[in-house]
Amino acid sequence: MTEHGQGAHDPGAPGPAGTPWTASRQAPSVQQLESFLILAEELHFGRAAARLFVTQPALSRQLRSLEERLDVILLQRSRRHVEITPAGAALLPKARAVVEAMAGLCRAAGSHSRQIDGRLVIGSIGAEAAMPYTRAVLDELHACHPRLRTSVRSLDLATHFDALERGEVDVLFLRPPVPPGIETLTMATEPRVACLPADDPLAGRDEVTLAELSGRPVVDVPPQCPRMWWRFWAADPRPDGSPVRYGPVVPDMEALLLAVSRGQAMAFLPAAARSFFPRPGISYVAVQDLPPGTAALAWAARNRTLPTVAAIRRAAATVLRNAPMDP
């Protein structure tokens with residue numbers, strides 16, 4: 001005696017096999033096909049039901065409905081034995097292909113549904129927009145979210161933190177340190193160099209020390225800049241505790257370079273400035289005892305979970321995980 005109910009046909013008996021799927025002859029559901037696949041693996045109703053988190057009677061009903069819809073007997077079962085039929089064995093790979101195809105469809109749909117629409121405004125200071133890590137992050141972001149519109153704004157030294165705080169930009173490629181309320185992901189580390197007037201006696205040297213630069217004024221920035229940020233970039237105080245003497249106030253990189261070229265002051269800049277900011281009247285010199293600086297992607301802490309901000313944070317983390325970069 002079997003558990004199989006009435007209504008399913010012998011695979012060799014005549015039946016409506018050529019009948020198109022209609023409301024009276026429904027196509028199998030993916031859930032039914034999954035139940036068949038698990039049963040074919042286990043050949044045991046109890047174990048299969050446990051894997052599917054259903055009761056044995058519910059699993060029997062699923063299989064019976066599937067057999068009726070396909071008009072074939074897939075499994076022969078008694079109280080102590082379950083065996084796949086020749087028809088079931090023949091249909092097994094096709095059932096598996098349907099289930100896998102549906103899973104692929106759902107994954108693709110999920111990927112598209114997670115794509116982010118909208119607009120992301122990205123700030124950049126100095127040459128940060130041209131750095132390899134910035135380009136890699138934007139490439140990764142656009143690959144994952146092709147519908148996300150991005151724009152890059154070049155910001156000056158004086159206002160770049162304010163632009164992030166006021167929401168004029170959503171994220172910012174910058175050079176730490178940063179004031180409270182801003183979070184960062186470090187993208188690269190590089191040496192800092194002295195930016196000197198070309199006629200400075202030290203300009204022709206391969207390397208100098210901070211002590212040798214003592215007494216030379218350093219360009220200053222407007223008061224709205226966080227002081228802790230500029231003191232780091234001015235190497236203030238020096239290792240011996242002496243304070244730095246500041247020179248003219250400059251709002252942006254071009255004003256900084258002009259002040260240095262005119263001999264009014266010096267500056268400390270990332271080593272990448274040698275390539276990105278060559279200017280007549282300026283010389284870049286390595287500083288032996290000056291700690292390196294970092295480059296980072298920054299965002300306001302309160303905005304870290306916004307979908308667009310989270311998307312570029314993930315893109316930056318992927319870039320770092322796949323290929324850590326230096327400027």
# chains A, B, ... in the order shown; residues from 1 in each chain; ligands from 1
call {"tool": "select_by_dssp", "arguments": {"residues": "range 125-286 of chain A", "states": "helix (DSSP H, G or I)", "output": "CSV table (one decimal) with N, CA, C and O atoms, in the first residue's frame"}}
result
chain,number,residue,atom,x,y,z
A,128,GLU,N,43.4,65.7,-5.1
A,128,GLU,CA,42.8,64.4,-4.7
A,128,GLU,C,42.0,63.8,-5.8
A,128,GLU,O,41.9,62.6,-5.9
A,129,ALA,N,41.3,64.6,-6.6
A,129,ALA,CA,40.4,64.0,-7.6
A,129,ALA,C,41.2,63.2,-8.7
A,129,ALA,O,40.6,62.3,-9.3
A,130,ALA,N,42.5,63.5,-8.8
A,130,ALA,CA,43.3,62.9,-9.8
A,130,ALA,C,44.1,61.7,-9.3
A,130,ALA,O,44.8,61.0,-10.1
A,132,PRO,N,45.1,58.0,-7.9
A,132,PRO,CA,44.7,56.7,-8.4
A,132,PRO,C,43.6,56.1,-7.5
A,132,PRO,O,42.7,55.4,-8.1
A,133,TYR,N,43.7,56.3,-6.2
A,133,TYR,CA,42.7,55.7,-5.4
A,133,TYR,C,41.3,56.3,-5.6
A,133,TYR,O,40.3,55.6,-5.6
A,134,THR,N,41.3,57.6,-5.9
A,134,THR,CA,40.0,58.3,-6.2
A,134,THR,C,39.4,57.7,-7.4
A,134,THR,O,38.2,57.4,-7.5
A,135,ARG,N,40.2,57.6,-8.5
A,135,ARG,CA,39.7,57.1,-9.7
A,135,ARG,C,39.2,55.7,-9.6
A,135,ARG,O,38.1,55.3,-10.1
A,136,ALA,N,39.9,54.9,-8.8
A,136,ALA,CA,39.5,53.5,-8.6
A,136,ALA,C,38.2,53.4,-7.8
A,136,ALA,O,37.3,52.5,-8.1
A,137,VAL,N,38.0,54.2,-6.8
A,137,VAL,CA,36.8,54.2,-6.0
A,137,VAL,C,35.6,54.6,-6.9
A,137,VAL,O,34.5,54.0,-6.9
A,138,LEU,N,35.8,55.6,-7.7
A,138,LEU,CA,34.7,56.1,-8.6
A,138,LEU,C,34.4,55.0,-9.6
A,138,LEU,O,33.2,54.8,-10.0
A,139,ASP,N,35.4,54.3,-10.2
A,139,ASP,CA,35.1,53.2,-11.1
A,139,ASP,C,34.3,52.1,-10.4
A,139,ASP,O,33.3,51.6,-11.0
A,140,GLU,N,34.7,51.8,-9.2
A,140,GLU,CA,34.0,50.7,-8.5
A,140,GLU,C,32.6,51.1,-8.2
A,140,GLU,O,31.6,50.3,-8.3
A,141,LEU,N,32.4,52.4,-7.8
A,141,LEU,CA,31.1,52.9,-7.5
A,141,LEU,C,30.2,52.8,-8.7
A,141,LEU,O,29.0,52.4,-8.6
A,142,HIS,N,30.6,53.3,-9.8
A,142,HIS,CA,29.8,53.3,-11.0
A,142,HIS,C,29.5,51.9,-11.5
A,142,HIS,O,28.5,51.7,-12.1
A,143,ALA,N,30.5,51.0,-11.3
A,143,ALA,CA,30.2,49.6,-11.8
A,143,ALA,C,29.1,49.0,-10.9
A,143,ALA,O,28.3,48.2,-11.5
A,144,CYS,N,29.1,49.3,-9.6
A,144,CYS,CA,28.0,48.7,-8.8
A,144,CYS,C,26.7,49.4,-8.8
A,144,CYS,O,25.7,48.8,-8.6
A,160,HIS,N,36.9,73.5,2.8
A,160,HIS,CA,36.5,72.1,2.5
A,160,HIS,C,35.8,71.4,3.7
A,160,HIS,O,34.9,70.7,3.4
A,161,PHE,N,36.2,71.7,4.9
A,161,PHE,CA,35.5,71.1,6.0
A,161,PHE,C,34.1,71.6,6.2
A,161,PHE,O,33.2,70.9,6.5
A,162,ASP,N,34.0,72.9,6.0
A,162,ASP,CA,32.7,73.6,6.1
A,162,ASP,C,31.7,73.0,5.0
A,162,ASP,O,30.5,72.8,5.3
A,163,ALA,N,32.2,72.8,3.8
A,163,ALA,CA,31.4,72.2,2.8
A,163,ALA,C,30.8,70.9,3.1
A,163,ALA,O,29.7,70.5,2.9
A,164,LEU,N,31.6,70.0,3.8
A,164,LEU,CA,31.1,68.7,4.2
A,164,LEU,C,30.1,68.9,5.4
A,164,LEU,O,29.1,68.2,5.4
A,165,GLU,N,30.5,69.8,6.3
A,165,GLU,CA,29.6,69.9,7.5
A,165,GLU,C,28.2,70.5,7.1
A,165,GLU,O,27.2,70.1,7.6
A,211,ALA,N,64.8,70.8,12.0
A,211,ALA,CA,65.7,71.8,12.7
A,211,ALA,C,66.3,72.7,11.7
A,211,ALA,O,66.4,73.9,12.0
A,212,GLU,N,66.7,72.3,10.6
A,212,GLU,CA,67.3,73.1,9.6
A,212,GLU,C,66.3,74.1,9.0
A,212,GLU,O,66.6,75.2,8.5
A,213,LEU,N,65.0,73.8,9.1
A,213,LEU,CA,63.9,74.7,8.6
A,213,LEU,C,63.4,75.6,9.7
A,213,LEU,O,62.5,76.4,9.4
A,227,ARG,N,42.1,74.5,13.4
A,227,ARG,CA,43.5,74.8,13.7
A,227,ARG,C,44.3,73.5,13.9
A,227,ARG,O,45.5,73.5,13.5
A,228,MET,N,43.7,72.5,14.5
A,228,MET,CA,44.4,71.2,14.7
A,228,MET,C,44.8,70.6,13.3
A,228,MET,O,45.9,70.0,13.2
A,229,TRP,N,44.0,70.9,12.3
A,229,TRP,CA,44.4,70.3,11.0
A,229,TRP,C,45.6,71.1,10.4
A,229,TRP,O,46.6,70.4,10.0
A,230,TRP,N,45.6,72.4,10.5
A,230,TRP,CA,46.8,73.1,9.9
A,230,TRP,C,48.0,73.0,10.7
A,230,TRP,O,49.1,73.0,10.2
A,231,ARG,N,47.9,72.9,12.0
A,231,ARG,CA,49.1,72.7,12.8
A,231,ARG,C,49.8,71.4,12.5
A,231,ARG,O,51.0,71.3,12.5
A,232,PHE,N,49.0,70.3,12.1
A,232,PHE,CA,49.7,69.1,11.7
A,232,PHE,C,50.4,69.4,10.4
A,232,PHE,O,51.6,69.0,10.3
A,233,TRP,N,49.8,70.0,9.5
A,233,TRP,CA,50.5,70.3,8.2
A,233,TRP,C,51.6,71.3,8.2
A,233,TRP,O,52.4,71.4,7.3
A,253,MET,N,45.3,76.3,-2.9
A,253,MET,CA,46.7,75.8,-3.3
A,253,MET,C,47.4,76.8,-4.2
A,253,MET,O,48.6,77.0,-4.1
A,254,GLU,N,46.7,77.5,-5.1
A,254,GLU,CA,47.4,78.4,-6.0
A,254,GLU,C,48.0,79.6,-5.3
A,254,GLU,O,49.1,80.0,-5.5
A,255,ALA,N,47.2,80.1,-4.3
A,255,ALA,CA,47.7,81.2,-3.5
A,255,ALA,C,48.9,80.7,-2.6
A,255,ALA,O,49.9,81.4,-2.4
A,256,LEU,N,48.8,79.5,-2.1
A,256,LEU,CA,50.0,78.9,-1.4
A,256,LEU,C,51.2,78.9,-2.2
A,256,LEU,O,52.3,79.3,-1.8
A,257,LEU,N,51.1,78.3,-3.4
A,257,LEU,CA,52.3,78.2,-4.3
A,257,LEU,C,52.8,79.5,-4.7
A,257,LEU,O,54.1,79.7,-4.8
A,258,LEU,N,51.9,80.5,-4.9
A,258,LEU,CA,52.4,81.8,-5.3
A,258,LEU,C,53.2,82.5,-4.1
A,258,LEU,O,54.3,83.1,-4.3
A,259,ALA,N,52.7,82.3,-2.9
A,259,ALA,CA,53.4,82.9,-1.7
A,259,ALA,C,54.8,82.3,-1.6
A,259,ALA,O,55.7,83.0,-1.2
A,260,VAL,N,54.8,80.9,-1.8
A,260,VAL,CA,56.2,80.3,-1.6
A,260,VAL,C,57.1,80.7,-2.8
A,260,VAL,O,58.3,81.1,-2.5
A,261,SER,N,56.6,80.8,-4.0
A,261,SER,CA,57.5,81.2,-5.1
A,261,SER,C,58.0,82.6,-5.0
A,261,SER,O,59.1,82.9,-5.4
A,273,ALA,N,52.7,66.3,-4.5
A,273,ALA,CA,52.7,67.7,-5.0
A,273,ALA,C,53.9,67.9,-6.0
A,273,ALA,O,53.8,68.7,-6.9
A,274,ARG,N,55.0,67.1,-5.9
A,274,ARG,CA,56.0,67.2,-6.9
A,274,ARG,C,55.5,67.0,-8.3
A,274,ARG,O,56.0,67.7,-9.2
A,275,SER,N,54.6,66.1,-8.4
A,275,SER,CA,54.1,65.7,-9.8
A,275,SER,C,52.9,66.6,-10.1
A,275,SER,O,52.8,67.0,-11.3
A,276,PHE,N,52.1,67.0,-9.2
A,276,PHE,CA,50.8,67.7,-9.5
A,276,PHE,C,51.0,69.2,-9.5
A,276,PHE,O,50.2,69.9,-10.1
call {"tool": "select_by_dssp", "arguments": {"residues": "range 30-177 of chain A", "states": "strand (DSSP E)", "output": "PyMOL selection string"}}
result
chain A and resi 75-77+82-84+118-125+148-155+171-174
call {"tool": "residues_around", "arguments": {"residues": "Pro191 in chain A", "least_positions_apart": "3", "cutoff": "9 Å", "atoms": "only C-alpha atoms", "output": "MDAnalysis selection string"}}
result
chainID A and resid 269:272 286:287 290:294
call {"tool": "closest_residue", "arguments": {"among": "A:Ala90, A:Leu75, A:Cys195, A:Thr159", "to": "Phe277 in chain A", "atoms": "only C-alpha atoms"}}
result
A:Cys195
call {"tool": "residues_around", "arguments": {"residues": "range 172-180 of chain A", "least_positions_apart": "6", "cutoff": "7 Å", "atoms": "only C-alpha atoms", "output": "list of chain:residue names"}}
result
A:Ile122, A:Gly123, A:Ser124, A:Ile125, A:Glu128, A:Leu164, A:Pro226, A:Trp229, A:Thr294, A:Ala295, A:Ala296, A:Leu297, A:Ala298, A:Trp299
call {"tool": "write_last_selection", "arguments": {"atoms": "C-alpha atoms", "output": "compact mmCIF listing (two decimals), in the first residue's frame"}}
result
# COMPACT_ATOMS: atom_id res chain seq x y z
CA ILE A 122 31.99 64.36 -4.03
CA GLY A 123 34.37 67.02 -2.76
CA SER A 124 38.11 67.10 -3.41
CA ILE A 125 40.97 69.29 -2.26
CA GLU A 128 42.83 64.42 -4.70
CA LEU A 164 31.14 68.73 4.25
CA PRO A 226 40.28 73.77 11.99
CA TRP A 229 44.40 70.34 10.95
CA THR A 294 47.58 60.17 4.89
CA ALA A 295 44.88 60.55 2.28
CA ALA A 296 41.31 59.59 3.14
CA LEU A 297 37.69 59.46 2.11
CA ALA A 298 35.67 61.43 4.67
CA TRP A 299 31.99 61.86 5.50
call {"tool": "closest_residue", "arguments": {"among": "A:Ala27, A:Ala40, A:Leu320, A:Ala265", "to": "Thr85 in chain A", "atoms": "only C-alpha atoms"}}
result
A:Ala40
call {"tool": "atom_distance", "arguments": {"atom1": "CA of Pro248 in chain A", "atom2": "CA of Ser283 in chain A"}}
result
18.7 Å
call {"tool": "closest_residue", "arguments": {"among": "A:Met187, A:Asp220, A:Val285, A:Val72", "to": "Ala315 in chain A", "atoms": "only C-alpha atoms"}}
result
A:Met187
call {"tool": "residues_around", "arguments": {"residues": "Gly215 in chain A", "least_positions_apart": "6", "cutoff": "10 Å", "atoms": "only C-alpha atoms", "output": "count of residues only"}}
result
5
call {"tool": "closest_residue", "arguments": {"among": "A:Glu100, A:Asp199, A:Glu183, A:Asp170", "to": "Ile312 in chain A", "atoms": "only C-alpha atoms"}}
result
A:Asp170
call {"tool": "residues_around", "arguments": {"residues": "range 57-62 of chain A", "least_positions_apart": "2", "cutoff": "8 Å", "atoms": "only C-alpha atoms", "output": "ChimeraX atom specification"}}
result
/A:3-4,32,35,45,49,54-55,64-66
